[in-house]
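*Asks:* My questions will all concern the structure given below.
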Amino acid sequence: MGGRSLKLFVASMMALGLVASACASKKTASPGSTGTVDTNGGIVYSLDQEPTNFNLLTSDGNEFDMQALIGRMWPTVFNVDANAKPFLDTTLMDSVTLTSTSPQVVVYQINHKAVWQDGVPFNADDFVYNWQAQSGLPQYTDVGGVAFDAASNAGYRQIKEITYSPDKYTVTATYSTPFADWRSLFSPMVPAHIMSKIGWDKGLLAANVNKDTMISAGPLMFSSYTAGKDFILKRNPTYWGTPSNLATIDFRYIPDSSQVEPALANNEINASYPQPQLDLVNQLKAVPNVKLDERPGLAEFRYLPGPQFDRSRLSKIEAAIQHKLGEDFEVELREVGEVERTDRGKHRWLVSRVSANEGRPERK
């Protein structure tokens, strides 16, 4: 992911999930319940940004809302839970093992059932292409010989080589220098057999998005895209894992946050994940049959530290964010690890948790 301003960083961390009565009226099951799921149902879910580039891994496609679109289509080796702890997608991978630390070597065992929706196996070809496109190495170029435009080269630049077994289901990544956050790599991954033909940089510009270019290896797949209106996903019949509970997800573009409340009230949308605005929260609390789900959010940003990095420096950044947010929110900031070196120095990724301070003891 590219560097973000503090303003964008703070906003993205406080995003709220909102669920309306139209969604709740369907047969649904919450975690741990014994209810049933309407497998023919769908949901209309609003987003506030419409991408111009649907390749999430490019600098201009690396938008927050793109994660919602891509997350159920493109495969991800490791996901992260609510506490930013990585966990392996065992539907995609049989195992991933750090077999050596000097040099650093990671071995990926791919599930032999993994397949893109068009029947092409998900295998070592995808690892190699995704590494090359994000490595920043000049010997690897996009269609037409132009340089790959990657949102970040972090970690991929440190990989020296990728080798694989004859059947392409065992992939070995060997690093030239250690990379502590190696679990963050290959998450997500584009289809190599498609992107190597249409182009990494511009192959998924909005005008090029269709059923032949937006290929899935997840529980949902592309259904339709109408510029200025919506992006619709449908259940992927070729997915080898647990089928999606929903038959469709209609991502509706509503860039004006003032229109979220009336859209929910009029059942034009079933759910939203808007930028955090206390006025909007208060408006939604007044709408009948709307469930407001507020929970801690996570986000990452980069900064350029001095030669030494310690808890006192982190505390100063945390205090600055806390001051910006005010006492209505609780901030916890921690280091993930050094991930990128640029001509300006070393960048570090930080991950933060922000949650409402309501009902908690006053801060001393």
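A note on labels: chains of the structure tokens are A, B, ... as shown, every chain counts residues from 1, and ligands are counted from 1 in their shown order.
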Taking 5 positions as the minimum chain separation for residues in the same chain, which residues sit within 12 Å of range 134-144 of chain A when counting only C-alpha atoms? Answer as a PyMOL selection string.
*Replies:* chain A and resi 1+57-59+127-129+149-162+175+185-190+192+194-203+340-342
*Asks:* Taking the DSSP assignment computed from this structure's backbone, write out as a ChimeraX atom specification all residues of range 83-198 of chain A that belong to strand (DSSP E or B).
*Replies:* /A:86-88,93-101,104-110,115,121,141,147,159-164,170-175
*Asks:* Suppose we keep C-alpha atoms; can you now write the selection as a PDB file, in the first residue's frame?
*Replies:*
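Wrote it out as result_3.pdb, contents follow:
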```
ATOM      1  CA  PRO A  86      -2.278 -12.867  10.125  1.00  0.00           C
ATOM      2  CA  PHE A  87      -3.910 -16.229   9.584  1.00  0.00           C
ATOM      3  CA  LEU A  88      -3.449 -18.622   6.686  1.00  0.00           C
ATOM      4  CA  MET A  93      -2.949 -23.154   0.775  1.00  0.00           C
ATOM      5  CA  ASP A  94      -2.147 -26.535   2.294  1.00  0.00           C
ATOM      6  CA  SER A  95       0.703 -24.971   4.249  1.00  0.00           C
ATOM      7  CA  VAL A  96       3.174 -22.090   4.325  1.00  0.00           C
ATOM      8  CA  THR A  97       6.438 -22.633   6.175  1.00  0.00           C
ATOM      9  CA  LEU A  98       9.432 -20.477   7.015  1.00  0.00           C
ATOM     10  CA  THR A  99      12.069 -23.165   6.489  1.00  0.00           C
ATOM     11  CA  SER A 100      15.190 -21.051   6.942  1.00  0.00           C
ATOM     12  CA  THR A 101      16.151 -17.655   8.345  1.00  0.00           C
ATOM     13  CA  GLN A 104      15.236 -16.478   4.653  1.00  0.00           C
ATOM     14  CA  VAL A 105      13.262 -19.117   2.746  1.00  0.00           C
ATOM     15  CA  VAL A 106       9.484 -19.522   2.664  1.00  0.00           C
ATOM     16  CA  VAL A 107       7.839 -22.591   1.120  1.00  0.00           C
ATOM     17  CA  TYR A 108       4.236 -22.417  -0.094  1.00  0.00           C
ATOM     18  CA  GLN A 109       2.231 -25.611  -0.617  1.00  0.00           C
ATOM     19  CA  ILE A 110      -0.767 -24.767  -2.822  1.00  0.00           C
ATOM     20  CA  VAL A 115      -8.468 -22.741  -9.647  1.00  0.00           C
ATOM     21  CA  PRO A 121      -5.047 -23.596 -12.104  1.00  0.00           C
ATOM     22  CA  THR A 141       8.377  -4.965 -17.266  1.00  0.00           C
ATOM     23  CA  ALA A 147       7.819  -0.305 -15.856  1.00  0.00           C
ATOM     24  CA  ILE A 159      12.981 -11.683  -2.686  1.00  0.00           C
ATOM     25  CA  LYS A 160      16.000 -12.959  -4.605  1.00  0.00           C
ATOM     26  CA  GLU A 161      14.265 -15.706  -6.542  1.00  0.00           C
ATOM     27  CA  ILE A 162      11.176 -17.880  -6.732  1.00  0.00           C
ATOM     28  CA  THR A 163      11.492 -21.526  -7.707  1.00  0.00           C
ATOM     29  CA  TYR A 164       8.843 -24.205  -7.924  1.00  0.00           C
ATOM     30  CA  THR A 170       5.156 -26.096  -4.356  1.00  0.00           C
ATOM     31  CA  VAL A 171       6.616 -22.601  -4.474  1.00  0.00           C
ATOM     32  CA  THR A 172       9.845 -21.526  -2.750  1.00  0.00           C
ATOM     33  CA  ALA A 173      10.694 -17.872  -2.164  1.00  0.00           C
ATOM     34  CA  THR A 174      14.309 -17.141  -1.237  1.00  0.00           C
ATOM     35  CA  TYR A 175      15.166 -13.700   0.126  1.00  0.00           C
TER      36      TYR A 175
END
```
*Asks:* Could you name the residues that touch Pro191 in chain A at 10 Å or less, counting only C-alpha atoms, but leaving out those on the same chain fewer than 6 positions away, as an mmCIF file with C-alpha atoms, in the first residue's frame?
*Replies:*
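So the final result, stored in selection-v2.cif, reads:
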```cif
data_model
loop_
_atom_site.group_PDB
_atom_site.id
_atom_site.type_symbol
_atom_site.label_atom_id
_atom_site.label_comp_id
_atom_site.auth_asym_id
_atom_site.auth_seq_id
_atom_site.Cartn_x
_atom_site.Cartn_y
_atom_site.Cartn_z
ATOM 1 C CA TRP A 74 -8.602 -12.436 -5.700
ATOM 2 C CA PRO A 75 -6.822 -15.069 -3.575
ATOM 3 C CA TRP A 116 -9.397 -19.494 -11.337
ATOM 4 C CA VAL A 120 -6.838 -22.197 -15.185
ATOM 5 C CA PRO A 121 -5.047 -23.596 -12.104
ATOM 6 C CA PHE A 122 -3.886 -21.215 -9.411
ATOM 7 C CA ASN A 123 -0.214 -22.118 -9.141
ATOM 8 C CA ASP A 125 2.807 -18.861 -12.318
ATOM 9 C CA ASP A 126 0.710 -16.540 -10.187
ATOM 10 C CA PHE A 127 3.388 -16.274 -7.493
ATOM 11 C CA TYR A 129 4.097 -12.853 -11.868
ATOM 12 C CA ASN A 130 2.873 -11.104 -8.717
ATOM 13 C CA THR A 213 -10.638 -9.298 -17.419
ATOM 14 C CA MET A 214 -11.965 -9.355 -13.836
ATOM 15 C CA ILE A 215 -11.303 -13.025 -13.082
ATOM 16 C CA SER A 216 -11.913 -14.615 -9.665
ATOM 17 C CA ALA A 217 -10.477 -17.448 -7.596
#
```
*Asks:* Grab the CA of Pro255 in chain A to CA of Leu56 in chain A distance for me, in Å with one decimal place.
*Replies:*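 Distance between the two atoms: 18.9 Å.
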*Asks:* Do you have the CA of Gly42 in chain A-CA of Arg252 in chain A distance handy?
*Replies:* 12.8 Å
*Asks:* By how many Å are CA of Asn79 in chain A and CA of Ser184 in chain A apart?
*Replies:*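 Interatomic distance, CA of Asn79 in chain A to CA of Ser184 in chain A: 8.2 Å.
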*Asks:* Measuring between only C-alpha atoms, which one of A:Ser46, A:Thr52, A:Asn40, A:Asn267 shows the shortest distance to Leu204 in chain A?
*Replies:* A:Thr52
*Asks:* List every residue of range 43-87 of chain A that has an atom at most 9 Å from any atom of range 220-239 of chain A, and for each one report the closest atom pair and its distance in Å to one decimal, counting only C-alpha atoms, with rows sorted by chain and then by increasing residue number, as CSV.
*Replies:*
```
residue,atom,partner,partner_atom,distance
A:Val44,CA,A:Ile232,CA,9.0
A:Ser46,CA,A:Asp230,CA,8.7
A:Glu50,CA,A:Gly228,CA,7.4
A:Leu69,CA,A:Phe231,CA,8.0
A:Arg72,CA,A:Leu220,CA,5.6
A:Met73,CA,A:Leu220,CA,5.6
```
*Asks:* Include C-alpha atoms and write out the residues we just selected as a short mmCIF file (atom, residue, chain, number, x, y, z; two decimals), in the first residue's frame.
*Replies:*
```cif
data_model
loop_
_atom_site.label_atom_id
_atom_site.label_comp_id
_atom_site.auth_asym_id
_atom_site.auth_seq_id
_atom_site.Cartn_x
_atom_site.Cartn_y
_atom_site.Cartn_z
CA VAL A 44 -26.85 -3.79 -1.68
CA SER A 46 -22.74 1.33 -0.54
CA GLU A 50 -15.51 4.60 -7.39
CA LEU A 69 -14.53 -5.38 -4.12
CA ARG A 72 -13.81 -12.00 -2.20
CA MET A 73 -12.39 -12.49 -5.70
#
```
*Asks:* Measuring between only C-alpha atoms, which one of A:Asp65, A:Asp60, A:Asp81, A:Asp89 shows the shortest distance to Gly241 in chain A?
*Replies:*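 Smallest separation from Gly241 in chain A among the options: A:Asp89.
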*Asks:* Using only C-alpha atoms, find the one residue out of A:Pro288, A:Pro219, A:Gly61, A:Pro178 that sits nearest to Thr91 in chain A.
*Replies:*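 When distances to Thr91 in chain A are compared using only C-alpha atoms, the smallest one comes from A:Pro219.
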*Asks:* Please give the complete set of residues from range 127-327 of chain A that DSSP, run on the backbone, assigns to helix (DSSP H, G or I), formatted as a PyMOL selection string.
*Replies:* chain A and resi 127-135+143-145+182-184+192-198+206-208+257-265+278-285+311-325
*Asks:* Okay, now the selection with C-alpha atoms, as a tab-separated table (two decimals), in the first residue's frame?
*Replies:*
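Contents of selection-v6.tsv, freshly written:
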```
chain	number	residue	atom	x	y	z
A	127	PHE	CA	3.39	-16.27	-7.49
A	128	VAL	CA	6.11	-15.50	-10.02
A	129	TYR	CA	4.10	-12.85	-11.87
A	130	ASN	CA	2.87	-11.10	-8.72
A	131	TRP	CA	6.42	-11.03	-7.36
A	132	GLN	CA	7.93	-9.66	-10.55
A	133	ALA	CA	5.27	-6.96	-10.93
A	134	GLN	CA	5.84	-5.69	-7.39
A	135	SER	CA	9.57	-6.25	-7.07
A	143	VAL	CA	3.02	-5.05	-21.45
A	144	GLY	CA	4.76	-2.80	-23.97
A	145	GLY	CA	8.01	-2.79	-22.00
A	182	TRP	CA	6.71	-11.90	4.95
A	183	ARG	CA	3.17	-13.05	5.75
A	184	SER	CA	1.87	-9.78	4.31
A	192	ALA	CA	-1.12	-14.02	-14.01
A	193	HIS	CA	-2.59	-15.52	-17.17
A	194	ILE	CA	-4.93	-12.53	-17.57
A	195	MET	CA	-2.83	-9.61	-16.36
A	196	SER	CA	0.28	-10.64	-18.31
A	197	LYS	CA	-1.80	-10.18	-21.47
A	198	ILE	CA	-3.93	-7.11	-20.73
A	206	ALA	CA	-12.49	1.20	-15.50
A	207	ALA	CA	-13.16	1.08	-19.23
A	208	ASN	CA	-11.52	-2.37	-19.46
A	257	SER	CA	-22.14	10.84	2.55
A	258	SER	CA	-25.25	12.92	3.15
A	259	GLN	CA	-27.12	10.50	0.88
A	260	VAL	CA	-26.28	7.40	2.93
A	261	GLU	CA	-28.93	8.03	5.58
A	262	PRO	CA	-31.85	8.53	3.14
A	263	ALA	CA	-30.66	5.55	1.04
A	264	LEU	CA	-30.81	3.33	4.13
A	265	ALA	CA	-34.11	4.79	5.30
A	278	LEU	CA	-20.28	11.76	14.05
A	279	ASP	CA	-23.15	13.71	12.48
A	280	LEU	CA	-23.87	10.79	10.17
A	281	VAL	CA	-23.76	8.35	13.09
A	282	ASN	CA	-26.30	10.43	14.98
A	283	GLN	CA	-28.56	10.65	11.91
A	284	LEU	CA	-28.48	6.88	11.48
A	285	LYS	CA	-29.34	6.26	15.10
A	311	ARG	CA	8.43	3.04	22.26
A	312	SER	CA	8.83	6.71	23.23
A	313	ARG	CA	8.87	7.71	19.56
A	314	LEU	CA	5.80	5.57	18.91
A	315	SER	CA	4.07	7.14	21.90
A	316	LYS	CA	4.60	10.61	20.47
A	317	ILE	CA	2.94	9.60	17.19
A	318	GLU	CA	0.13	7.97	19.14
A	319	ALA	CA	-0.36	11.13	21.22
A	320	ALA	CA	-0.51	13.25	18.06
A	321	ILE	CA	-3.26	11.06	16.61
A	322	GLN	CA	-5.09	11.06	19.94
A	323	HIS	CA	-4.98	14.85	20.03
A	324	LYS	CA	-6.34	15.00	16.49
A	325	LEU	CA	-9.25	12.68	17.31
```
